$ cat coords.txt   # compact mmCIF, C-alpha atoms
# COMPACT_ATOMS: atom_id res chain seq x y z
CA MET P 1 -9.97 -8.00 77.88
CA LYS P 2 -11.24 -11.36 76.81
CA LYS P 3 -14.74 -11.78 75.48
CA THR P 4 -15.47 -14.14 78.38
CA LEU P 5 -15.47 -11.14 80.72
CA ALA P 6 -18.50 -9.75 78.93
CA VAL P 7 -20.24 -13.10 79.34
CA ALA P 8 -19.36 -13.21 83.04
CA ALA P 9 -20.63 -9.68 83.65
CA THR P 10 -23.87 -10.35 81.79
CA THR P 11 -24.38 -13.61 83.69
CA ALA P 12 -23.91 -11.81 87.01
CA LEU P 13 -26.43 -9.13 86.15
CA LEU P 14 -28.93 -11.72 84.96
CA ALA P 15 -28.51 -13.32 88.37
CA VAL P 16 -29.50 -10.01 89.98
CA ALA P 17 -32.54 -9.77 87.74
CA SER P 18 -33.58 -13.33 88.52
CA ALA P 19 -33.08 -12.98 92.26
CA CYS P 20 -34.76 -9.60 92.54
CA GLY P 21 -37.71 -10.53 90.37
CA SER P 22 -39.69 -8.09 88.28
CA GLU P 23 -40.27 -4.51 89.27
CA ASP P 24 -43.83 -5.44 90.20
CA ASP P 25 -43.06 -8.07 92.84
CA GLY P 26 -44.13 -7.27 96.39
CA ASP P 27 -40.73 -6.68 97.91
CA SER P 28 -40.31 -3.02 97.05
CA LYS P 29 -43.80 -1.63 97.64
CA GLY P 30 -43.27 -0.49 101.21
CA GLY P 31 -43.95 -1.91 104.61
CA GLY P 32 -41.71 -3.72 107.02
CA PRO P 33 -41.30 -3.61 110.80
CA ASP P 34 -41.56 -0.45 112.88
CA LYS P 35 -38.18 -1.18 114.46
CA ALA P 36 -35.15 -2.65 112.77
CA ASP P 37 -31.37 -2.53 112.43
CA LEU P 38 -30.68 -0.79 109.12
CA VAL P 39 -27.48 -0.90 107.12
CA VAL P 40 -26.42 1.89 104.75
CA TRP P 41 -23.58 1.45 102.27
CA LEU P 42 -21.59 4.62 101.54
CA ASN P 43 -18.65 4.54 99.15
CA GLY P 44 -15.17 5.87 99.68
CA ALA P 45 -14.41 8.84 101.89
CA ASP P 46 -16.46 11.39 99.93
CA THR P 47 -19.25 11.65 102.48
CA PRO P 48 -17.84 13.78 105.34
CA GLN P 49 -17.89 12.38 108.84
CA PRO P 50 -20.21 15.12 110.19
CA ALA P 51 -22.84 14.00 107.68
CA ARG P 52 -22.49 10.36 108.71
CA ASP P 53 -22.72 11.27 112.40
CA TRP P 54 -25.79 13.46 111.83
CA LEU P 55 -27.57 10.78 109.80
CA LYS P 56 -27.07 8.05 112.40
CA LYS P 57 -27.96 10.26 115.37
CA THR P 58 -31.03 11.80 113.75
CA PHE P 59 -32.43 8.55 112.40
CA GLU P 60 -32.08 6.76 115.74
CA GLU P 61 -33.60 9.70 117.63
CA GLN P 62 -36.58 9.82 115.26
CA ASN P 63 -37.07 6.05 115.24
CA PRO P 64 -36.66 4.77 118.82
CA GLY P 65 -35.68 1.12 118.96
CA SER P 66 -34.08 1.17 115.51
CA THR P 67 -30.39 1.45 114.75
CA LEU P 68 -28.50 2.61 111.69
CA THR P 69 -25.08 1.27 110.76
CA ILE P 70 -23.04 2.94 108.01
CA GLU P 71 -20.66 0.56 106.26
CA GLN P 72 -18.02 2.12 104.02
CA GLN P 73 -17.41 0.37 100.72
CA GLU P 74 -14.59 1.07 98.30
CA TRP P 75 -15.39 2.11 94.76
CA GLU P 76 -13.11 -0.50 93.28
CA GLY P 77 -15.07 -3.74 92.94
CA LEU P 78 -18.35 -2.10 93.98
CA VAL P 79 -20.36 -3.47 91.04
CA GLU P 80 -19.42 -7.04 91.90
CA ARG P 81 -20.23 -6.55 95.61
CA LEU P 82 -23.60 -4.99 94.81
CA THR P 83 -24.36 -7.76 92.35
CA THR P 84 -23.91 -10.27 95.16
CA ALA P 85 -25.42 -8.29 98.03
CA LEU P 86 -28.63 -7.16 96.33
CA THR P 87 -29.88 -10.68 95.61
CA SER P 88 -30.88 -11.80 99.10
CA ALA P 89 -32.89 -10.26 101.92
CA ASP P 90 -30.58 -12.01 104.37
CA GLN P 91 -27.45 -10.13 103.26
CA THR P 92 -28.60 -7.03 101.44
CA PRO P 93 -27.87 -3.53 102.76
CA ASP P 94 -31.05 -1.52 103.07
CA VAL P 95 -29.85 1.71 101.44
CA VAL P 96 -26.95 1.88 99.00
CA GLU P 97 -24.88 4.54 97.31
CA VAL P 98 -24.05 3.79 93.70
CA GLY P 99 -22.14 5.82 91.13
CA ASN P 100 -24.40 7.76 88.80
CA THR P 101 -22.79 6.02 85.81
CA GLN P 102 -23.38 2.61 87.42
CA ALA P 103 -27.01 3.13 88.41
CA PRO P 104 -28.64 2.21 85.05
CA THR P 105 -27.29 -1.33 85.24
CA PHE P 106 -29.11 -2.00 88.52
CA THR P 107 -32.24 0.03 87.84
CA THR P 108 -32.94 -1.96 84.70
CA VAL P 109 -32.91 -5.37 86.42
CA GLY P 110 -35.20 -4.70 89.37
CA ALA P 111 -32.48 -4.46 92.01
CA PHE P 112 -33.81 -1.21 93.51
CA SER P 113 -37.20 -0.24 94.90
CA ASP P 114 -39.54 1.97 92.89
CA LEU P 115 -39.32 5.52 94.28
CA THR P 116 -41.58 7.21 91.75
CA ASP P 117 -44.33 7.99 94.28
CA ASP P 118 -41.74 9.35 96.73
CA LEU P 119 -40.07 11.85 94.39
CA ALA P 120 -42.20 14.85 95.34
CA ASP P 121 -41.47 14.37 99.05
CA LEU P 122 -37.76 13.79 98.39
CA GLY P 123 -37.28 17.02 96.45
CA GLY P 124 -39.25 16.74 93.23
CA ASP P 125 -38.14 19.22 90.59
CA ASP P 126 -35.39 20.46 92.90
CA LEU P 127 -33.46 17.21 92.40
CA LEU P 128 -30.63 17.19 89.84
CA PRO P 129 -32.59 16.32 86.67
CA GLY P 130 -29.80 14.47 84.84
CA PHE P 131 -29.34 12.11 87.76
CA VAL P 132 -33.08 11.46 88.05
CA ASP P 133 -33.31 10.78 84.32
CA GLY P 134 -30.39 8.35 84.50
CA ALA P 135 -32.19 6.31 87.17
CA THR P 136 -35.57 6.28 85.43
CA VAL P 137 -36.73 3.27 83.41
CA ASP P 138 -40.03 3.17 81.52
CA GLY P 139 -41.31 6.15 83.45
CA LYS P 140 -40.43 4.80 86.89
CA THR P 141 -37.58 6.12 89.05
CA TYR P 142 -35.49 3.67 91.07
CA ALA P 143 -32.78 5.92 92.57
CA VAL P 144 -32.41 9.58 93.50
CA PRO P 145 -29.37 11.87 93.36
CA TYR P 146 -27.07 11.99 96.37
CA TYR P 147 -24.40 14.48 95.30
CA ALA P 148 -22.57 15.56 92.17
CA GLY P 149 -19.10 16.86 91.52
CA SER P 150 -17.18 17.91 88.44
CA THR P 151 -13.43 17.85 88.83
CA TYR P 152 -11.33 20.97 88.52
CA VAL P 153 -7.61 21.66 88.75
CA PHE P 154 -5.87 22.14 92.09
CA TYR P 155 -2.48 23.78 91.69
CA ARG P 156 0.42 24.83 93.90
CA LYS P 157 0.75 28.61 93.62
CA ASP P 158 4.28 28.55 95.00
CA LEU P 159 5.41 25.99 92.42
CA PHE P 160 3.84 28.01 89.62
CA GLU P 161 5.93 30.97 90.73
CA ASP P 162 9.10 28.88 90.96
CA ALA P 163 8.54 27.57 87.43
CA GLY P 164 7.92 31.05 86.00
CA ILE P 165 4.25 30.39 85.26
CA THR P 166 2.63 33.79 85.73
CA ALA P 167 -1.02 32.96 85.08
CA VAL P 168 -3.32 29.98 85.16
CA PRO P 169 -3.71 28.27 81.74
CA THR P 170 -6.65 29.30 79.59
CA THR P 171 -6.31 26.69 76.81
CA MET P 172 -5.47 23.00 76.76
CA ASP P 173 -2.11 23.71 75.08
CA GLU P 174 -1.21 26.18 77.83
CA PHE P 175 -2.24 23.64 80.43
CA VAL P 176 -0.04 20.90 78.97
CA ASP P 177 2.83 23.38 78.72
CA ALA P 178 2.44 24.40 82.38
CA ALA P 179 2.30 20.75 83.50
CA THR P 180 5.46 19.99 81.55
CA LYS P 181 7.30 23.00 83.01
CA LEU P 182 6.38 21.99 86.55
CA LYS P 183 7.66 18.48 85.95
CA GLU P 184 10.91 19.67 84.40
CA LYS P 185 11.49 22.22 87.16
CA SER P 186 11.23 19.52 89.83
CA GLY P 187 13.90 17.32 88.28
CA LYS P 188 12.31 14.30 89.99
CA ALA P 189 10.98 11.19 88.30
CA ASP P 190 8.19 10.68 90.84
CA PHE P 191 7.01 14.30 90.77
CA SER P 192 3.88 15.11 88.77
CA GLY P 193 3.55 18.45 87.06
CA TYR P 194 0.07 17.07 86.54
CA TRP P 195 -0.87 14.05 88.64
CA LEU P 196 -2.28 11.46 86.25
CA PRO P 197 -2.10 7.83 87.41
CA GLY P 198 -2.14 5.44 84.46
CA LYS P 199 -5.52 3.93 85.30
CA ASP P 200 -7.21 7.31 85.72
CA TRP P 201 -9.62 7.09 82.78
CA ARG P 202 -12.07 9.46 84.47
CA ASP P 203 -9.67 12.39 84.15
CA GLY P 204 -8.35 10.97 80.89
CA ALA P 205 -11.90 11.30 79.55
CA ALA P 206 -11.47 15.08 79.44
CA LEU P 207 -8.72 14.72 76.83
CA LEU P 208 -10.81 12.22 74.87
CA TRP P 209 -13.87 14.46 74.82
CA ASP P 210 -11.83 17.60 74.18
CA ALA P 211 -10.61 15.99 70.95
CA GLY P 212 -14.17 15.12 69.92
CA GLY P 213 -14.01 11.43 70.79
CA ASP P 214 -16.11 9.23 73.04
CA PHE P 215 -16.23 5.77 74.60
CA ALA P 216 -19.31 4.41 72.84
CA ALA P 217 -22.31 5.44 70.78
CA PRO P 218 -25.77 4.02 69.96
CA ASP P 219 -25.75 1.55 67.08
CA GLY P 220 -29.21 0.57 65.93
CA ASP P 221 -30.87 -1.13 68.88
CA GLY P 222 -27.53 -1.55 70.66
CA TRP P 223 -24.22 0.17 71.27
CA LYS P 224 -20.73 0.07 69.85
CA GLY P 225 -17.35 1.15 71.15
CA THR P 226 -16.02 4.28 69.46
CA LEU P 227 -12.47 4.53 70.77
CA SER P 228 -11.06 3.76 67.32
CA THR P 229 -12.45 6.86 65.65
CA PRO P 230 -9.86 9.44 64.55
CA GLU P 231 -11.11 11.87 67.19
CA SER P 232 -10.86 9.29 69.97
CA ILE P 233 -7.40 8.20 68.83
CA ALA P 234 -6.31 11.85 69.01
CA GLY P 235 -7.66 12.14 72.57
CA LEU P 236 -6.03 8.91 73.72
CA THR P 237 -2.75 9.96 72.14
CA ALA P 238 -2.99 13.28 73.99
CA PHE P 239 -3.40 11.34 77.24
CA GLN P 240 -0.28 9.31 76.47
CA GLY P 241 1.69 12.46 75.67
CA LEU P 242 0.59 14.24 78.84
CA TYR P 243 1.39 11.22 80.98
CA ASP P 244 4.87 10.92 79.46
CA ALA P 245 5.67 14.62 79.75
CA ALA P 246 4.15 15.57 83.08
CA SER P 247 3.05 12.70 85.32
CA GLY P 248 5.19 10.93 87.87
CA ALA P 249 2.36 8.72 89.10
CA PRO P 250 2.58 4.95 88.52
CA ALA P 251 1.12 3.62 85.29
CA ASP P 252 -0.60 0.81 87.17
CA ALA P 253 -2.22 3.01 89.86
CA ASN P 254 -5.62 4.69 90.03
CA GLU P 255 -6.70 8.09 91.31
CA ALA P 256 -8.11 6.89 94.64
CA ASP P 257 -5.51 8.55 96.91
CA PRO P 258 -4.45 12.05 95.90
CA VAL P 259 -3.76 13.23 99.46
CA THR P 260 -0.67 11.11 100.12
CA PRO P 261 1.39 12.26 97.10
CA PHE P 262 0.15 15.84 97.39
CA CYS P 263 1.12 16.11 101.05
CA ALA P 264 4.47 14.53 100.20
CA GLY P 265 5.16 17.47 97.87
CA LYS P 266 4.97 15.34 94.71
CA ILE P 267 2.14 17.14 92.88
CA GLY P 268 2.08 20.47 91.07
CA MET P 269 -1.42 20.14 89.63
CA MET P 270 -4.19 17.56 89.88
CA SER P 271 -7.81 17.30 88.78
CA ARG P 272 -10.01 16.41 91.73
CA PRO P 273 -13.54 17.10 92.98
CA GLY P 274 -13.98 20.03 95.35
CA TRP P 275 -14.37 17.95 98.48
CA VAL P 276 -10.72 16.87 98.21
CA TYR P 277 -9.76 20.29 99.58
CA GLY P 278 -11.37 19.31 102.87
CA MET P 279 -9.20 16.20 102.91
CA LEU P 280 -6.06 18.28 102.30
CA THR P 281 -6.88 20.69 105.12
CA ASP P 282 -7.80 17.97 107.62
CA PRO P 283 -5.36 18.38 110.53
CA LYS P 284 -5.21 14.64 111.16
CA SER P 285 -4.95 13.11 107.69
CA GLY P 286 -4.09 16.06 105.45
CA CYS P 287 -1.48 18.80 105.26
CA PRO P 288 -3.10 22.15 106.18
CA LYS P 289 0.09 24.19 105.89
CA LEU P 290 0.81 22.98 102.36
CA ALA P 291 -2.84 23.35 101.39
CA LYS P 292 -2.55 27.10 102.02
CA ASN P 293 -0.59 27.29 98.75
CA VAL P 294 -3.45 25.76 96.74
CA GLY P 295 -5.37 27.59 94.03
CA VAL P 296 -7.98 26.17 91.68
CA PHE P 297 -9.27 26.66 88.15
CA ALA P 298 -11.47 24.81 85.69
CA LEU P 299 -9.54 22.62 83.26
CA PRO P 300 -9.38 24.64 80.03
CA GLY P 301 -10.38 23.13 76.71
CA SER P 302 -8.83 23.55 73.30
CA ASP P 303 -11.34 26.25 72.38
CA GLY P 304 -10.54 28.37 75.43
CA GLY P 305 -13.67 27.46 77.34
CA PRO P 306 -13.81 24.83 80.07
CA ALA P 307 -12.87 21.33 78.94
CA PRO P 308 -15.58 18.67 79.01
CA VAL P 309 -14.95 16.83 82.28
CA LEU P 310 -16.79 13.87 83.75
CA LEU P 311 -19.87 14.80 85.75
CA GLY P 312 -19.31 12.43 88.61
CA GLY P 313 -21.43 11.81 91.61
CA SER P 314 -23.69 9.28 93.21
CA ASP P 315 -27.26 8.12 93.50
CA ILE P 316 -28.88 6.56 96.55
CA ALA P 317 -31.38 3.74 96.35
CA ILE P 318 -33.23 1.20 98.43
CA SER P 319 -32.54 -2.47 97.86
CA ALA P 320 -35.65 -4.16 96.49
CA LYS P 321 -34.85 -7.10 98.75
CA SER P 322 -34.66 -5.04 101.94
CA PRO P 323 -37.31 -6.13 104.44
CA ASN P 324 -37.29 -2.58 105.87
CA GLN P 325 -38.83 -0.56 103.06
CA ASP P 326 -40.60 2.11 105.13
CA LEU P 327 -37.64 2.75 107.44
CA SER P 328 -35.34 2.87 104.43
CA ARG P 329 -37.49 5.58 102.92
CA LYS P 330 -37.04 7.56 106.13
CA VAL P 331 -33.27 7.26 105.70
CA LEU P 332 -33.51 8.56 102.13
CA ALA P 333 -35.63 11.48 103.31
CA LEU P 334 -32.99 12.41 105.88
CA MET P 335 -30.20 12.21 103.29
CA LEU P 336 -32.09 14.68 101.09
CA SER P 337 -33.14 16.94 103.97
CA ASP P 338 -32.12 20.57 104.33
CA GLU P 339 -29.71 19.80 107.14
CA TYR P 340 -27.92 16.90 105.47
CA GLN P 341 -27.65 18.56 102.07
CA THR P 342 -26.20 21.66 103.73
CA ILE P 343 -23.48 19.55 105.35
CA LEU P 344 -22.59 18.04 101.98
CA ALA P 345 -22.52 21.41 100.22
CA GLU P 346 -20.36 23.02 102.88
CA ALA P 347 -17.92 20.12 102.45
CA GLY P 348 -17.61 20.93 98.73
CA LEU P 349 -20.00 18.36 97.27
CA THR P 350 -22.54 19.67 94.77
CA PRO P 351 -25.83 18.96 96.55
CA ALA P 352 -28.55 16.74 95.09
CA ARG P 353 -31.05 19.58 95.41
CA GLU P 354 -30.32 22.46 93.05
CA SER P 355 -31.63 25.11 95.44
CA PHE P 356 -28.75 24.31 97.81
CA ALA P 357 -26.01 25.14 95.31
CA SER P 358 -25.56 28.52 97.00
CA LYS P 359 -24.33 26.65 100.09
CA LEU P 360 -21.13 25.94 98.15
CA GLY P 361 -20.14 29.56 98.77
CA ASP P 362 -18.76 32.17 96.39
CA ASP P 363 -15.00 31.70 96.72
CA GLU P 364 -12.65 30.48 93.99
CA PHE P 365 -13.54 26.86 94.78
CA ALA P 366 -17.24 27.47 94.26
CA ARG P 367 -16.59 29.41 91.06
CA ALA P 368 -14.40 26.61 89.72
CA THR P 369 -17.12 24.09 90.56
CA VAL P 370 -19.73 26.02 88.61
CA GLU P 371 -17.43 26.64 85.64
CA ALA P 372 -16.32 23.01 85.43
CA ALA P 373 -19.91 21.76 85.66
CA SER P 374 -20.96 24.06 82.80
CA ASN P 375 -19.38 21.72 80.24
CA ALA P 376 -19.45 18.43 82.15
CA LYS P 377 -20.42 15.18 80.45
CA LEU P 378 -21.69 11.76 81.43
CA THR P 379 -20.52 8.34 80.32
CA PRO P 380 -22.65 6.60 77.66
CA ALA P 381 -26.22 6.07 78.81
CA ALA P 382 -26.16 2.35 78.10
CA ALA P 383 -27.99 0.10 80.55
CA ALA P 384 -24.96 -2.19 80.82
CA TRP P 385 -22.35 0.55 81.20
CA ALA P 386 -21.59 -0.55 84.76
CA THR P 387 -20.30 -3.85 83.38
CA VAL P 388 -17.64 -1.89 81.48
CA GLU P 389 -16.62 -0.13 84.67
CA GLY P 390 -16.97 -3.24 86.80
CA LYS P 391 -14.58 -5.21 84.58
CA PHE P 392 -11.99 -2.40 84.54
CA VAL P 393 -12.00 -2.19 80.75
CA LEU P 394 -11.01 1.47 80.75
CA GLU P 395 -8.50 1.18 83.59
CA ASP P 396 -6.71 -1.53 81.63
CA LEU P 397 -6.82 0.49 78.41
CA TYR P 398 -5.46 3.70 79.90
CA SER P 399 -2.84 1.91 81.95
CA GLU P 400 -1.47 0.14 78.88
CA ILE P 401 -1.47 3.43 76.96
CA ALA P 402 0.44 5.06 79.83
CA GLN P 403 3.00 2.27 79.57
CA GLY P 404 3.66 3.20 75.96
CA GLY P 405 1.33 0.77 74.23
CA ASP P 406 0.13 1.14 70.64
CA VAL P 407 -2.87 3.46 70.96
CA ALA P 408 -4.70 2.35 67.81
CA LYS P 409 -4.29 -1.35 68.61
CA LEU P 410 -5.37 -0.97 72.21
CA ALA P 411 -8.35 1.19 71.21
CA ALA P 412 -9.53 -1.42 68.72
CA GLU P 413 -9.31 -4.16 71.34
CA ALA P 414 -11.20 -2.02 73.87
CA ASP P 415 -13.91 -1.28 71.29
CA GLU P 416 -14.47 -5.00 70.78
CA THR P 417 -14.80 -5.55 74.51
CA ILE P 418 -17.05 -2.52 75.09
CA THR P 419 -19.35 -3.52 72.24
CA ALA P 420 -19.65 -7.03 73.67
CA GLU P 421 -20.29 -5.74 77.19
CA LEU P 422 -22.99 -3.26 76.14
CA ASN P 423 -24.88 -5.71 73.96
$ encode --input "coords.txt" --output "structure tokens"
Amino acid sequence: MKKTLAVAATTALLAVASACGSEDDGDSKGGGPDKADLVVWLNGADTPQPARDWLKKTFEEQNPGSTLTIEQQEWEGLVERLTTALTSADQTPDVVEVGNTQAPTFTTVGAFSDLTDDLADLGGDDLLPGFVDGATVDGKTYAVPYYAGSTYVFYRKDLFEDAGITAVPTTMDEFVDAATKLKEKSGKADFSGYWLPGKDWRDGAALLWDAGGDFAAPDGDGWKGTLSTPESIAGLTAFQGLYDAASGAPADANEADPVTPFCAGKIGMMSRPGWVYGMLTDPKSGCPKLAKNVGVFALPGSDGGPAPVLLGGSDIAISAKSPNQDLSRKVLALMLSDEYQTILAEAGLTPARESFASKLGDDEFARATVEAASNAKLTPAAAAWATVEGKFVLEDLYSEIAQGGDVAKLAAEADETITAELN
């Protein structure tokens, strides 16, 4: 990445800050009309349709004369779209979903309304604390958790048996060995013993962290990229080795669509959040018969415990420029209500309220969720981390590594870019 990308990202975020004003301007203090047409942005297909239907129906029943429209956004390019949309009351969505690793960038520039006084009514201490902390700036909270989800490994039991793998792996070495055996047994170039698209840095992070590396670290009053440390180089090299030995996914693809290759019989194992199982069993868009062969386990680490995987998930927030502050708060309350959180949990998403974790059930999927989350990690807590994600720094790095690039050289270049972005 060129240094100019860091300048462009910083300029865009400064535009958000300028347009939104300070956190103390009048726009985000409440109020607005009693009736309005609200727009909610939800990202990807993670939120199940029953939850969307319930939210729209319930909000409109409780607020006669108002309407609620849910617009689905894709994760790719979300930072840029939010940067544009949050600057004007004429075009802003009222309520937005944002990745928990992206939230600090927007909370620090006044793009979201202050929800501090609403926290108790929205769940208080029952809300996932790490997500609340990540959306809190100078003692004020600007977003609340929506759902969380640590990835775990989905595997084909029938293919394990065919490859002579008699038990699920319990160490990282055993996992790599199993993935390699599945790939070799298939004899097909496009088959993945372990599905690992080249741009999939989020699952690649597990190998980085397992080796003791990281993306960035505090450096005085700023941050610096740390992908060139010996530990990080070892983790990136492990990613390259696993991709070469076990993945049949394209080096220039991301992890956005696991269902298509899985249902085509091209995946032996893959790391995905729990809600993907619901996508596999969907009679219209999935493959229920093939999904019956699926088992799950937490990705094992080198020490025999669970590997450190990315604690993914989302926050929800109100645009500071929304003219419908009070109605937007009613939407947030519904999204954190007992009914809505139960729908999310039963669909395999870790609910935003900790007391609803039991709704995940007690089957192997729920157990894998809990075990994977026990050693989950977050991306660096830098205010500008979303600029790194928004400019695809890590996608480019991992993709080039998957294509056989020089790991040390690529890591050094990424460190330079990350350091510029974060400072």
$ residues_around --input "coords.txt" --residues "Asp118 of chain P" --least-positions-apart "3" --cutoff "10 Å" --atoms "only C-alpha atoms" --output "list in words"
Asp114, Leu115, Asp121, Leu122, Gly123, Gly124, Thr141, Val144, Arg329, Leu332 and Ala333 of chain P
$ residues_around --input "coords.txt" --residues "segment 402-417 of chain P" --least-positions-apart "4" --cutoff "9 Å" --atoms "all atoms listed in the file" --output "mmCIF file with C-alpha atoms, in the coordinates of the input"
data_model
loop_
_atom_site.group_PDB
_atom_site.id
_atom_site.type_symbol
_atom_site.label_atom_id
_atom_site.label_comp_id
_atom_site.auth_asym_id
_atom_site.auth_seq_id
_atom_site.Cartn_x
_atom_site.Cartn_y
_atom_site.Cartn_z
ATOM 1 C CA MET P 1 -9.970 -8.000 77.880
ATOM 2 C CA LYS P 2 -11.240 -11.360 76.810
ATOM 3 C CA LYS P 3 -14.740 -11.780 75.480
ATOM 4 C CA LEU P 5 -15.470 -11.140 80.720
ATOM 5 C CA ALA P 6 -18.500 -9.750 78.930
ATOM 6 C CA PRO P 197 -2.100 7.830 87.410
ATOM 7 C CA GLY P 198 -2.140 5.440 84.460
ATOM 8 C CA LYS P 199 -5.520 3.930 85.300
ATOM 9 C CA PHE P 215 -16.230 5.770 74.600
ATOM 10 C CA ALA P 216 -19.310 4.410 72.840
ATOM 11 C CA LYS P 224 -20.730 0.070 69.850
ATOM 12 C CA GLY P 225 -17.350 1.150 71.150
ATOM 13 C CA THR P 226 -16.020 4.280 69.460
ATOM 14 C CA LEU P 227 -12.470 4.530 70.770
ATOM 15 C CA SER P 228 -11.060 3.760 67.320
ATOM 16 C CA THR P 229 -12.450 6.860 65.650
ATOM 17 C CA SER P 232 -10.860 9.290 69.970
ATOM 18 C CA ILE P 233 -7.400 8.200 68.830
ATOM 19 C CA LEU P 236 -6.030 8.910 73.720
ATOM 20 C CA THR P 237 -2.750 9.960 72.140
ATOM 21 C CA PHE P 239 -3.400 11.340 77.240
ATOM 22 C CA GLN P 240 -0.280 9.310 76.470
ATOM 23 C CA GLY P 241 1.690 12.460 75.670
ATOM 24 C CA TYR P 243 1.390 11.220 80.980
ATOM 25 C CA ASP P 244 4.870 10.920 79.460
ATOM 26 C CA PRO P 250 2.580 4.950 88.520
ATOM 27 C CA ALA P 251 1.120 3.620 85.290
ATOM 28 C CA ASP P 252 -0.600 0.810 87.170
ATOM 29 C CA VAL P 388 -17.640 -1.890 81.480
ATOM 30 C CA VAL P 393 -12.000 -2.190 80.750
ATOM 31 C CA LEU P 394 -11.010 1.470 80.750
ATOM 32 C CA ASP P 396 -6.710 -1.530 81.630
ATOM 33 C CA LEU P 397 -6.820 0.490 78.410
ATOM 34 C CA TYR P 398 -5.460 3.700 79.900
ATOM 35 C CA GLU P 421 -20.290 -5.740 77.190
ATOM 36 C CA LEU P 422 -22.990 -3.260 76.140
#
$ residues_near_point --input "coords.txt" --point "(-26.7, 14.6, 96.6)" --cutoff "8 Å" --atoms "all atoms listed in the file" --output "PyMOL selection string"
chain P and resi 145-148+313-315+335-336+341+344+349-353
$ residues_around --input "coords.txt" --residues "Pro323 of chain P" --least-positions-apart "2" --cutoff "10 Å" --atoms "only C-alpha atoms" --output "ChimeraX atom specification"
/P:27-28,30-33,36,38,89-90,92-94,319-321,325-328
$ write_last_selection --input "coords.txt" --atoms "C-alpha atoms" --output "mmCIF file, keeping the file's coordinate frame"
data_model
loop_
_atom_site.group_PDB
_atom_site.id
_atom_site.type_symbol
_atom_site.label_atom_id
_atom_site.label_comp_id
_atom_site.auth_asym_id
_atom_site.auth_seq_id
_atom_site.Cartn_x
_atom_site.Cartn_y
_atom_site.Cartn_z
ATOM 1 C CA ASP P 27 -40.730 -6.680 97.910
ATOM 2 C CA SER P 28 -40.310 -3.020 97.050
ATOM 3 C CA GLY P 30 -43.270 -0.490 101.210
ATOM 4 C CA GLY P 31 -43.950 -1.910 104.610
ATOM 5 C CA GLY P 32 -41.710 -3.720 107.020
ATOM 6 C CA PRO P 33 -41.300 -3.610 110.800
ATOM 7 C CA ALA P 36 -35.150 -2.650 112.770
ATOM 8 C CA LEU P 38 -30.680 -0.790 109.120
ATOM 9 C CA ALA P 89 -32.890 -10.260 101.920
ATOM 10 C CA ASP P 90 -30.580 -12.010 104.370
ATOM 11 C CA THR P 92 -28.600 -7.030 101.440
ATOM 12 C CA PRO P 93 -27.870 -3.530 102.760
ATOM 13 C CA ASP P 94 -31.050 -1.520 103.070
ATOM 14 C CA SER P 319 -32.540 -2.470 97.860
ATOM 15 C CA ALA P 320 -35.650 -4.160 96.490
ATOM 16 C CA LYS P 321 -34.850 -7.100 98.750
ATOM 17 C CA GLN P 325 -38.830 -0.560 103.060
ATOM 18 C CA ASP P 326 -40.600 2.110 105.130
ATOM 19 C CA LEU P 327 -37.640 2.750 107.440
ATOM 20 C CA SER P 328 -35.340 2.870 104.430
#
$ atom_distance --input "coords.txt" --atom1 "atom CA of Tyr340 of chain P" --atom2 "atom CA of Asp203 of chain P"
28.4 Å
$ closest_residue --input "coords.txt" --among "P:Leu378, P:Ile70, P:Ala368, P:Ala386" --to "Asp214 of chain P" --atoms "only C-alpha atoms"
P:Leu378
$ closest_residue --input "coords.txt" --among "P:Glu400, P:Asp162, P:Glu184, P:Glu231" --to "Asp210 of chain P" --atoms "all atoms listed in the file"
P:Glu231
$ atom_distance --input "coords.txt" --atom1 "atom CA of Gly248 of chain P" --atom2 "atom CA of Phe297 of chain P"
21.4 Å
